[in-house]
>>> print(open('input31.csv').read())   # CSV, N, CA and C atoms
chain,number,residue,atom,x,y,z
A,1,MET,N,33.9,4.6,-7.0
A,1,MET,CA,32.9,5.5,-6.7
A,1,MET,C,31.7,5.3,-7.7
A,2,LEU,N,32.0,5.1,-9.0
A,2,LEU,CA,31.0,4.9,-10.0
A,2,LEU,C,30.2,3.6,-9.6
A,3,ARG,N,30.9,2.6,-9.2
A,3,ARG,CA,30.3,1.3,-8.8
A,3,ARG,C,29.3,1.5,-7.7
A,4,LEU,N,29.6,2.3,-6.7
A,4,LEU,CA,28.7,2.6,-5.6
A,4,LEU,C,27.5,3.4,-6.1
A,5,ALA,N,27.7,4.3,-7.0
A,5,ALA,CA,26.5,5.0,-7.5
A,5,ALA,C,25.6,4.1,-8.3
A,6,LEU,N,26.2,3.1,-9.0
A,6,LEU,CA,25.4,2.2,-9.8
A,6,LEU,C,24.6,1.2,-8.9
A,7,ILE,N,25.1,1.0,-7.8
A,7,ILE,CA,24.4,0.1,-6.8
A,7,ILE,C,23.4,0.8,-6.0
A,8,THR,N,23.6,2.0,-5.6
A,8,THR,CA,22.7,2.7,-4.7
A,8,THR,C,21.5,3.4,-5.5
A,9,ALA,N,21.7,3.8,-6.7
A,9,ALA,CA,20.7,4.4,-7.5
A,9,ALA,C,19.5,3.5,-7.7
A,10,PRO,N,19.6,2.2,-8.1
A,10,PRO,CA,18.4,1.4,-8.2
A,10,PRO,C,17.7,1.2,-6.8
A,11,MET,N,18.5,1.1,-5.7
A,11,MET,CA,17.9,0.9,-4.4
A,11,MET,C,17.1,2.2,-4.0
A,12,ALA,N,17.6,3.3,-4.3
A,12,ALA,CA,16.8,4.6,-4.0
A,12,ALA,C,15.5,4.6,-4.8
A,13,LEU,N,15.5,4.1,-6.1
A,13,LEU,CA,14.3,4.1,-6.9
A,13,LEU,C,13.3,3.1,-6.3
A,14,VAL,N,13.8,2.0,-5.9
A,14,VAL,CA,12.9,1.0,-5.2
A,14,VAL,C,12.2,1.6,-4.0
A,15,THR,N,13.0,2.3,-3.2
A,15,THR,CA,12.5,2.9,-1.9
A,15,THR,C,11.5,3.9,-2.3
A,16,PHE,N,11.8,4.8,-3.3
A,16,PHE,CA,10.8,5.8,-3.6
A,16,PHE,C,9.5,5.2,-4.2
A,17,THR,N,9.6,4.2,-5.0
A,17,THR,CA,8.4,3.6,-5.5
A,17,THR,C,7.6,3.0,-4.4
A,18,ALA,N,8.2,2.4,-3.4
A,18,ALA,CA,7.4,1.8,-2.3
A,18,ALA,C,6.7,2.9,-1.5
A,19,LEU,N,7.3,4.0,-1.4
A,19,LEU,CA,6.7,5.1,-0.6
A,19,LEU,C,5.6,5.9,-1.4
A,20,ALA,N,5.6,5.8,-2.7
A,20,ALA,CA,4.7,6.5,-3.5
A,20,ALA,C,3.4,5.7,-3.7
A,21,GLN,N,2.8,5.4,-2.6
A,21,GLN,CA,1.5,4.6,-2.6
A,21,GLN,C,0.3,5.5,-2.9
A,22,GLU,N,-0.6,5.0,-3.7
A,22,GLU,CA,-1.8,5.7,-4.0
A,22,GLU,C,-2.6,6.1,-2.7
A,23,PRO,N,-3.0,7.4,-2.6
A,23,PRO,CA,-3.7,7.8,-1.4
A,23,PRO,C,-5.0,7.1,-1.0
A,24,VAL,N,-5.6,6.4,-2.0
A,24,VAL,CA,-6.8,5.7,-1.7
A,24,VAL,C,-6.6,4.5,-0.8
A,25,VAL,N,-5.4,4.0,-0.7
A,25,VAL,CA,-5.0,2.8,0.1
A,25,VAL,C,-5.2,3.2,1.6
A,26,GLY,N,-5.9,2.4,2.3
A,26,GLY,CA,-6.1,2.7,3.8
A,26,GLY,C,-7.4,2.1,4.3
A,27,ASN,N,-7.7,2.5,5.5
A,27,ASN,CA,-8.9,2.1,6.2
A,27,ASN,C,-10.0,3.2,6.1
A,28,TRP,N,-11.2,2.7,5.9
A,28,TRP,CA,-12.3,3.6,5.7
A,28,TRP,C,-13.5,3.3,6.5
A,29,LYS,N,-14.2,4.3,7.0
A,29,LYS,CA,-15.5,4.1,7.7
A,29,LYS,C,-16.6,4.2,6.7
A,30,THR,N,-17.4,3.1,6.6
A,30,THR,CA,-18.6,3.1,5.7
A,30,THR,C,-19.7,3.9,6.2
A,31,GLN,N,-20.7,4.2,5.4
A,31,GLN,CA,-21.9,4.9,5.8
A,31,GLN,C,-22.7,4.3,6.9
A,32,VAL,N,-22.6,2.9,7.0
A,32,VAL,CA,-23.3,2.2,8.0
A,32,VAL,C,-22.5,2.0,9.3
A,33,GLY,N,-21.3,2.5,9.3
A,33,GLY,CA,-20.5,2.4,10.5
A,33,GLY,C,-19.5,1.3,10.6
A,34,THR,N,-19.4,0.4,9.6
A,34,THR,CA,-18.4,-0.7,9.5
A,34,THR,C,-17.1,-0.1,9.0
A,35,THR,N,-16.1,-0.9,9.0
A,35,THR,CA,-14.8,-0.5,8.5
A,35,THR,C,-14.4,-1.4,7.3
A,36,ALA,N,-13.8,-0.7,6.3
A,36,ALA,CA,-13.4,-1.4,5.1
A,36,ALA,C,-11.9,-1.0,4.8
A,37,THR,N,-11.2,-1.9,4.2
A,37,THR,CA,-9.8,-1.6,3.8
A,37,THR,C,-9.7,-1.6,2.3
A,38,ILE,N,-9.1,-0.5,1.7
A,38,ILE,CA,-8.7,-0.5,0.3
A,38,ILE,C,-7.2,-0.7,0.2
A,39,ASP,N,-6.8,-1.7,-0.5
A,39,ASP,CA,-5.4,-2.1,-0.6
A,39,ASP,C,-5.1,-2.5,-2.1
A,40,GLU,N,-3.8,-2.5,-2.4
A,40,GLU,CA,-3.4,-2.9,-3.7
A,40,GLU,C,-3.6,-4.4,-3.9
A,41,CYS,N,-4.0,-4.8,-5.1
A,41,CYS,CA,-4.2,-6.2,-5.4
A,41,CYS,C,-3.9,-6.4,-6.9
A,42,ALA,N,-4.1,-7.7,-7.4
A,42,ALA,CA,-3.8,-8.0,-8.8
A,42,ALA,C,-4.7,-7.2,-9.7
A,43,GLN,N,-5.9,-6.9,-9.3
A,43,GLN,CA,-6.9,-6.2,-10.1
A,43,GLN,C,-6.7,-4.7,-10.1
A,44,GLY,N,-5.8,-4.2,-9.3
A,44,GLY,CA,-5.6,-2.8,-9.1
A,44,GLY,C,-5.7,-2.4,-7.6
A,45,TYR,N,-6.9,-2.2,-7.2
A,45,TYR,CA,-7.2,-1.9,-5.8
A,45,TYR,C,-8.4,-2.7,-5.4
A,46,CYS,N,-8.3,-3.4,-4.2
A,46,CYS,CA,-9.4,-4.2,-3.7
A,46,CYS,C,-10.0,-3.7,-2.4
A,47,ILE,N,-11.3,-3.8,-2.3
A,47,ILE,CA,-12.0,-3.4,-1.0
A,47,ILE,C,-12.4,-4.7,-0.3
A,48,THR,N,-11.9,-4.7,1.0
A,48,THR,CA,-12.2,-5.9,1.9
A,48,THR,C,-12.9,-5.3,3.2
A,49,MET,N,-14.0,-5.9,3.6
A,49,MET,CA,-14.6,-5.5,4.8
A,49,MET,C,-13.7,-6.0,6.0
A,50,LYS,N,-13.6,-5.1,7.0
A,50,LYS,CA,-12.8,-5.5,8.2
A,50,LYS,C,-13.7,-5.8,9.4
A,51,THR,N,-14.9,-5.1,9.4
A,51,THR,CA,-15.8,-5.3,10.6
A,51,THR,C,-17.2,-5.6,10.1
A,52,GLY,N,-18.0,-6.0,11.0
A,52,GLY,CA,-19.4,-6.3,10.7
A,52,GLY,C,-19.7,-7.7,10.2
A,53,ASN,N,-20.9,-8.0,9.8
A,53,ASN,CA,-21.3,-9.3,9.4
A,53,ASN,C,-20.5,-9.9,8.2
A,54,ASN,N,-19.8,-9.0,7.4
A,54,ASN,CA,-19.1,-9.4,6.2
A,54,ASN,C,-17.6,-9.3,6.4
A,55,ALA,N,-17.1,-9.2,7.6
A,55,ALA,CA,-15.7,-9.1,7.9
A,55,ALA,C,-14.9,-10.1,7.1
A,56,GLY,N,-13.8,-9.7,6.5
A,56,GLY,CA,-13.0,-10.6,5.7
A,56,GLY,C,-13.4,-10.8,4.3
A,57,ARG,N,-14.5,-10.4,3.9
A,57,ARG,CA,-15.1,-10.6,2.6
A,57,ARG,C,-14.6,-9.4,1.6
A,58,ARG,N,-14.1,-9.8,0.5
A,58,ARG,CA,-13.7,-8.8,-0.5
A,58,ARG,C,-15.0,-8.4,-1.3
A,59,ILE,N,-15.3,-7.1,-1.3
A,59,ILE,CA,-16.5,-6.6,-1.9
A,59,ILE,C,-16.3,-5.8,-3.1
A,60,GLY,N,-15.1,-5.6,-3.6
A,60,GLY,CA,-14.9,-4.7,-4.8
A,60,GLY,C,-13.5,-4.7,-5.3
A,61,SER,N,-13.4,-4.2,-6.5
A,61,SER,CA,-12.1,-3.9,-7.1
A,61,SER,C,-12.2,-2.8,-8.1
A,62,PHE,N,-11.1,-2.0,-8.1
A,62,PHE,CA,-11.0,-0.8,-8.9
A,62,PHE,C,-9.7,-0.6,-9.6
A,63,LYS,N,-9.6,0.1,-10.7
A,63,LYS,CA,-8.4,0.4,-11.4
A,63,LYS,C,-8.4,1.9,-11.6
A,64,GLY,N,-7.2,2.5,-11.6
A,64,GLY,CA,-7.1,3.9,-11.9
A,64,GLY,C,-6.0,4.5,-11.0
A,65,SER,N,-6.0,5.9,-11.0
A,65,SER,CA,-4.9,6.6,-10.3
A,65,SER,C,-5.4,8.0,-10.1
A,66,ASN,N,-4.6,8.7,-9.3
A,66,ASN,CA,-4.8,10.2,-9.1
A,66,ASN,C,-6.2,10.5,-8.6
A,67,GLY,N,-6.8,9.6,-7.8
A,67,GLY,CA,-8.1,9.9,-7.2
A,67,GLY,C,-9.3,9.5,-8.1
A,68,ASN,N,-9.1,9.0,-9.3
A,68,ASN,CA,-10.2,8.6,-10.1
A,68,ASN,C,-10.0,7.1,-10.5
A,69,PHE,N,-11.1,6.3,-10.2
A,69,PHE,CA,-11.0,4.9,-10.4
A,69,PHE,C,-12.3,4.4,-11.0
A,70,THR,N,-12.3,3.3,-11.7
A,70,THR,CA,-13.5,2.6,-12.2
A,70,THR,C,-13.4,1.2,-11.8
A,71,GLY,N,-14.5,0.5,-11.6
A,71,GLY,CA,-14.5,-0.9,-11.2
A,71,GLY,C,-15.9,-1.3,-10.8
A,72,SER,N,-15.9,-2.2,-9.8
A,72,SER,CA,-17.2,-2.7,-9.3
A,72,SER,C,-17.1,-3.0,-7.8
A,73,ILE,N,-18.3,-3.0,-7.2
A,73,ILE,CA,-18.5,-3.2,-5.8
A,73,ILE,C,-19.7,-4.1,-5.6
A,74,ILE,N,-19.6,-5.0,-4.7
A,74,ILE,CA,-20.8,-5.9,-4.4
A,74,ILE,C,-21.4,-5.4,-3.1
A,75,GLU,N,-22.7,-5.1,-3.1
A,75,GLU,CA,-23.4,-4.8,-1.9
A,75,GLU,C,-23.6,-6.1,-1.1
A,76,PRO,N,-22.9,-6.2,0.1
A,76,PRO,CA,-22.9,-7.5,0.8
A,76,PRO,C,-24.3,-8.1,1.1
A,77,GLU,N,-25.2,-7.3,1.5
A,77,GLU,CA,-26.5,-7.8,1.9
A,77,GLU,C,-27.3,-8.4,0.7
A,78,SER,N,-27.4,-7.6,-0.3
A,78,SER,CA,-28.3,-8.0,-1.5
A,78,SER,C,-27.5,-8.9,-2.5
A,79,LYS,N,-26.2,-8.9,-2.4
A,79,LYS,CA,-25.3,-9.6,-3.3
A,79,LYS,C,-25.3,-9.0,-4.7
A,80,LYS,N,-25.8,-7.8,-4.9
A,80,LYS,CA,-25.8,-7.2,-6.2
A,80,LYS,C,-24.5,-6.5,-6.5
A,81,THR,N,-24.1,-6.6,-7.8
A,81,THR,CA,-22.8,-6.0,-8.2
A,81,THR,C,-23.1,-4.7,-8.9
A,82,PHE,N,-22.5,-3.7,-8.5
A,82,PHE,CA,-22.6,-2.3,-9.1
A,82,PHE,C,-21.3,-1.9,-9.8
A,83,THR,N,-21.4,-1.5,-11.0
A,83,THR,CA,-20.3,-1.0,-11.8
A,83,THR,C,-20.3,0.5,-11.8
A,84,GLY,N,-19.1,1.1,-11.5
A,84,GLY,CA,-19.2,2.5,-11.5
A,84,GLY,C,-17.8,3.1,-11.3
A,85,VAL,N,-17.8,4.3,-10.6
A,85,VAL,CA,-16.6,5.1,-10.4
A,85,VAL,C,-16.4,5.3,-8.9
A,86,LEU,N,-15.2,5.5,-8.5
A,86,LEU,CA,-14.7,5.8,-7.2
A,86,LEU,C,-13.9,7.0,-7.3
A,87,THR,N,-14.1,8.1,-6.5
A,87,THR,CA,-13.3,9.3,-6.6
A,87,THR,C,-12.8,9.6,-5.1
A,88,LEU,N,-11.6,10.0,-5.1
A,88,LEU,CA,-11.0,10.4,-3.8
A,88,LEU,C,-10.8,11.9,-3.7
A,89,SER,N,-11.2,12.4,-2.6
A,89,SER,CA,-11.0,13.9,-2.4
A,89,SER,C,-10.7,14.0,-0.9
A,90,GLY,N,-9.4,14.3,-0.7
A,90,GLY,CA,-8.9,14.4,0.7
A,90,GLY,C,-9.1,13.1,1.5
A,91,ASP,N,-9.9,13.2,2.6
A,91,ASP,CA,-10.2,12.0,3.4
A,91,ASP,C,-11.6,11.4,3.1
A,92,THR,N,-12.1,11.6,1.9
A,92,THR,CA,-13.4,11.2,1.5
A,92,THR,C,-13.3,10.4,0.2
A,93,VAL,N,-14.0,9.2,0.3
A,93,VAL,CA,-14.1,8.4,-1.0
A,93,VAL,C,-15.6,8.4,-1.3
A,94,ARG,N,-15.9,8.8,-2.6
A,94,ARG,CA,-17.2,8.7,-3.1
A,94,ARG,C,-17.3,7.7,-4.2
A,95,MET,N,-18.3,6.8,-4.0
A,95,MET,CA,-18.6,5.7,-5.0
A,95,MET,C,-20.0,5.9,-5.6
A,96,ARG,N,-20.0,5.8,-6.9
A,96,ARG,CA,-21.4,5.8,-7.5
A,96,ARG,C,-21.3,4.6,-8.5
A,97,GLY,N,-22.3,3.8,-8.4
A,97,GLY,CA,-22.4,2.6,-9.3
A,97,GLY,C,-23.8,2.3,-9.6
A,98,CYS,N,-24.0,1.5,-10.8
A,98,CYS,CA,-25.3,1.1,-11.2
A,98,CYS,C,-25.2,-0.4,-11.5
A,99,THR,N,-26.4,-1.1,-11.4
A,99,THR,CA,-26.5,-2.4,-11.8
A,99,THR,C,-27.6,-2.4,-12.9
A,100,MET,N,-27.3,-3.1,-14.0
A,100,MET,CA,-28.1,-3.1,-15.2
A,100,MET,C,-28.5,-1.7,-15.7
A,101,LYS,N,-27.7,-0.7,-15.3
A,101,LYS,CA,-28.0,0.7,-15.7
A,101,LYS,C,-29.3,1.2,-15.3
A,102,VAL,N,-29.9,0.5,-14.3
A,102,VAL,CA,-31.2,0.9,-13.8
A,102,VAL,C,-31.2,1.3,-12.4
A,103,ILE,N,-30.6,0.5,-11.5
A,103,ILE,CA,-30.6,0.8,-10.1
A,103,ILE,C,-29.2,1.3,-9.8
A,104,CYS,N,-29.1,2.6,-9.3
A,104,CYS,CA,-27.9,3.2,-9.0
A,104,CYS,C,-27.8,3.6,-7.5
A,105,VAL,N,-26.6,3.5,-7.0
A,105,VAL,CA,-26.4,3.9,-5.6
A,105,VAL,C,-25.2,4.8,-5.5
A,106,SER,N,-25.1,5.5,-4.4
A,106,SER,CA,-24.0,6.4,-4.1
A,106,SER,C,-23.6,6.1,-2.7
A,107,LEU,N,-22.3,6.0,-2.4
A,107,LEU,CA,-21.7,5.8,-1.1
A,107,LEU,C,-20.7,6.9,-0.8
A,108,ILE,N,-20.6,7.3,0.4
A,108,ILE,CA,-19.5,8.2,0.9
A,108,ILE,C,-18.9,7.6,2.1
A,109,TRP,N,-17.6,7.3,2.0
A,109,TRP,CA,-16.8,6.8,3.1
A,109,TRP,C,-15.8,7.8,3.6
A,110,THR,N,-15.4,7.8,4.9
A,110,THR,CA,-14.4,8.7,5.4
A,110,THR,C,-13.2,7.9,5.9
A,111,ARG,N,-12.0,8.5,5.8
A,111,ARG,CA,-10.8,7.8,6.2
A,111,ARG,C,-10.7,7.7,7.7
A,112,LEU,N,-10.2,6.6,8.2
A,112,LEU,CA,-10.0,6.4,9.6
A,112,LEU,C,-8.6,6.8,10.0
>>> encode(input="input31.csv", output="C-alpha cells")
Amino acid sequence: MLRLALITAPMALVTFTALAQEPVVGNWKTQVGTTATIDECAQGYCITMKTGNNAGRRIGSFKGSNGNFTGSIIEPESKKTFTGVLTLSGDTVRMRGCTMKVICVSLIWTRL
C-alpha cells in the first residue's frame, strides 16, 4: 500500500501542475480585430499573431504571474518595440508600453 502511495502521489502532483495554467494563456481579439495567442514559452509567455498580415509572427514576450506581467511587444506595422506591463482582469488584457520612454501606447484585448 505504501508503494502505491509513493507512485501515485508524484503523478497527482504532475497532473495538478499541468492543470494550473496561468489564466493569461489563450486566444485574444486585438483592438484592430485580428487574433493573437498568448502561450507559455522559454521567455515566460509569448504573444503570436494568429490572423491578419502578421499571422504566425511572434510579437512579444512577458514574465510574471497572477495577472501582472512585464516584458516587451513589437508593433507589427512600425516594427517598434515597446517595453511595459501587461495586466489581466477577467477576460481583458491591458498592455501599456513605451519606446525610448517617449512614445507610449495602450492596448486592450478581449478573450475569445
>>> atom_distance(input="input31.csv", atom1="atom N of Val102 of chain A", atom2="atom CA of Trp28 of chain A")
26.8 Å
>>> residues_around(input="input31.csv", residues="segment 40-47 of chain A", least_positions_apart="5", cutoff="7 Å", atoms="only C-alpha atoms", output="list in words")
Arg58, Ile59, Gly60, Ser61, Phe62 and Lys63 of chain A
>>> atom_distance(input="input31.csv", atom1="atom CA of Ile74 of chain A", atom2="atom C of Ala36 of chain A")
13.7 Å
>>> residues_around(input="input31.csv", residues="Val25 of chain A", least_positions_apart="6", cutoff="7 Å", atoms="all atoms listed in the file", output="PDB file with N, CA and C atoms, in the coordinates of the input")
ATOM      1  N   THR A  37     -11.200  -1.900   4.200  1.00  0.00           N
ATOM      2  CA  THR A  37      -9.800  -1.600   3.800  1.00  0.00           C
ATOM      3  C   THR A  37      -9.700  -1.600   2.300  1.00  0.00           C
ATOM      4  N   ILE A  38      -9.100  -0.500   1.700  1.00  0.00           N
ATOM      5  CA  ILE A  38      -8.700  -0.500   0.300  1.00  0.00           C
ATOM      6  C   ILE A  38      -7.200  -0.700   0.200  1.00  0.00           C
ATOM      7  N   ASP A  39      -6.800  -1.700  -0.500  1.00  0.00           N
ATOM      8  CA  ASP A  39      -5.400  -2.100  -0.600  1.00  0.00           C
ATOM      9  C   ASP A  39      -5.100  -2.500  -2.100  1.00  0.00           C
ATOM     10  N   GLU A  40      -3.800  -2.500  -2.400  1.00  0.00           N
ATOM     11  CA  GLU A  40      -3.400  -2.900  -3.700  1.00  0.00           C
ATOM     12  C   GLU A  40      -3.600  -4.400  -3.900  1.00  0.00           C
TER      13      GLU A  40
END
>>> residues_around(input="input31.csv", residues="Trp109 of chain A", least_positions_apart="6", cutoff="6 Å", atoms="only C-alpha atoms", output="list in words")
Lys29, Thr30, Thr92 and Val93 of chain A
>>> atom_distance(input="input31.csv", atom1="atom N of Pro76 of chain A", atom2="atom N of Leu88 of chain A")
20.4 Å
>>> build_atoms(input="input31.csv", residues="segment 35-46 of chain A", atoms="all heavy atoms", output="compact mmCIF listing (two decimals), in the coordinates of the input")
# COMPACT_ATOMS: atom_id res chain seq x y z
N THR A 35 -16.10 -0.90 9.00
CA THR A 35 -14.80 -0.50 8.50
C THR A 35 -14.40 -1.40 7.30
O THR A 35 -14.63 -2.60 7.29
CB THR A 35 -13.73 -0.69 9.57
OG1 THR A 35 -14.14 0.08 10.71
CG2 THR A 35 -12.38 -0.20 9.11
N ALA A 36 -13.80 -0.70 6.30
CA ALA A 36 -13.40 -1.40 5.10
C ALA A 36 -11.90 -1.00 4.80
O ALA A 36 -11.52 0.10 5.17
CB ALA A 36 -14.25 -1.13 3.87
N THR A 37 -11.20 -1.90 4.20
CA THR A 37 -9.80 -1.60 3.80
C THR A 37 -9.70 -1.60 2.30
O THR A 37 -10.23 -2.46 1.59
CB THR A 37 -8.84 -2.67 4.30
OG1 THR A 37 -8.89 -2.65 5.72
CG2 THR A 37 -7.43 -2.42 3.85
N ILE A 38 -9.10 -0.50 1.70
CA ILE A 38 -8.70 -0.50 0.30
C ILE A 38 -7.20 -0.70 0.20
O ILE A 38 -6.46 0.01 0.86
CB ILE A 38 -9.15 0.82 -0.35
CG1 ILE A 38 -10.66 1.03 -0.23
CG2 ILE A 38 -8.70 0.85 -1.81
CD1 ILE A 38 -11.16 2.35 -0.80
N ASP A 39 -6.80 -1.70 -0.50
CA ASP A 39 -5.40 -2.10 -0.60
C ASP A 39 -5.10 -2.50 -2.10
O ASP A 39 -5.99 -2.79 -2.85
CB ASP A 39 -5.08 -3.21 0.32
CG ASP A 39 -3.63 -3.19 0.75
OD1 ASP A 39 -2.84 -2.38 0.23
OD2 ASP A 39 -3.27 -4.00 1.62
N GLU A 40 -3.80 -2.50 -2.40
CA GLU A 40 -3.40 -2.90 -3.70
C GLU A 40 -3.60 -4.40 -3.90
O GLU A 40 -3.47 -5.16 -2.92
CB GLU A 40 -1.91 -2.58 -3.94
CG GLU A 40 -1.63 -1.11 -4.00
CD GLU A 40 -0.17 -0.80 -4.25
OE1 GLU A 40 0.52 -1.62 -4.88
OE2 GLU A 40 0.27 0.27 -3.80
N CYS A 41 -4.00 -4.80 -5.10
CA CYS A 41 -4.20 -6.20 -5.40
C CYS A 41 -3.90 -6.40 -6.90
O CYS A 41 -3.71 -5.47 -7.61
CB CYS A 41 -5.57 -6.74 -4.97
SG CYS A 41 -6.93 -5.99 -5.90
N ALA A 42 -4.10 -7.70 -7.40
CA ALA A 42 -3.80 -8.00 -8.80
C ALA A 42 -4.70 -7.20 -9.70
O ALA A 42 -4.38 -6.87 -10.82
CB ALA A 42 -3.91 -9.46 -9.01
N GLN A 43 -5.90 -6.90 -9.30
CA GLN A 43 -6.90 -6.20 -10.10
C GLN A 43 -6.70 -4.70 -10.10
O GLN A 43 -7.42 -3.96 -10.73
CB GLN A 43 -8.35 -6.52 -9.62
CG GLN A 43 -8.79 -7.93 -9.87
CD GLN A 43 -8.25 -8.91 -8.83
OE1 GLN A 43 -7.81 -8.53 -7.75
NE2 GLN A 43 -8.25 -10.17 -9.18
N GLY A 44 -5.80 -4.20 -9.30
CA GLY A 44 -5.60 -2.80 -9.10
C GLY A 44 -5.70 -2.40 -7.60
O GLY A 44 -4.69 -2.43 -6.89
N TYR A 45 -6.90 -2.20 -7.20
CA TYR A 45 -7.20 -1.90 -5.80
C TYR A 45 -8.40 -2.70 -5.40
O TYR A 45 -9.40 -2.75 -6.09
CB TYR A 45 -7.42 -0.43 -5.50
CG TYR A 45 -6.19 0.37 -5.84
CD1 TYR A 45 -6.04 0.93 -7.10
CD2 TYR A 45 -5.17 0.52 -4.92
CE1 TYR A 45 -4.90 1.63 -7.43
CE2 TYR A 45 -4.01 1.21 -5.24
CZ TYR A 45 -3.89 1.76 -6.50
OH TYR A 45 -2.75 2.44 -6.83
N CYS A 46 -8.30 -3.40 -4.20
CA CYS A 46 -9.40 -4.20 -3.70
C CYS A 46 -10.00 -3.70 -2.40
O CYS A 46 -9.25 -3.12 -1.63
CB CYS A 46 -8.98 -5.66 -3.54
SG CYS A 46 -8.60 -6.49 -5.09
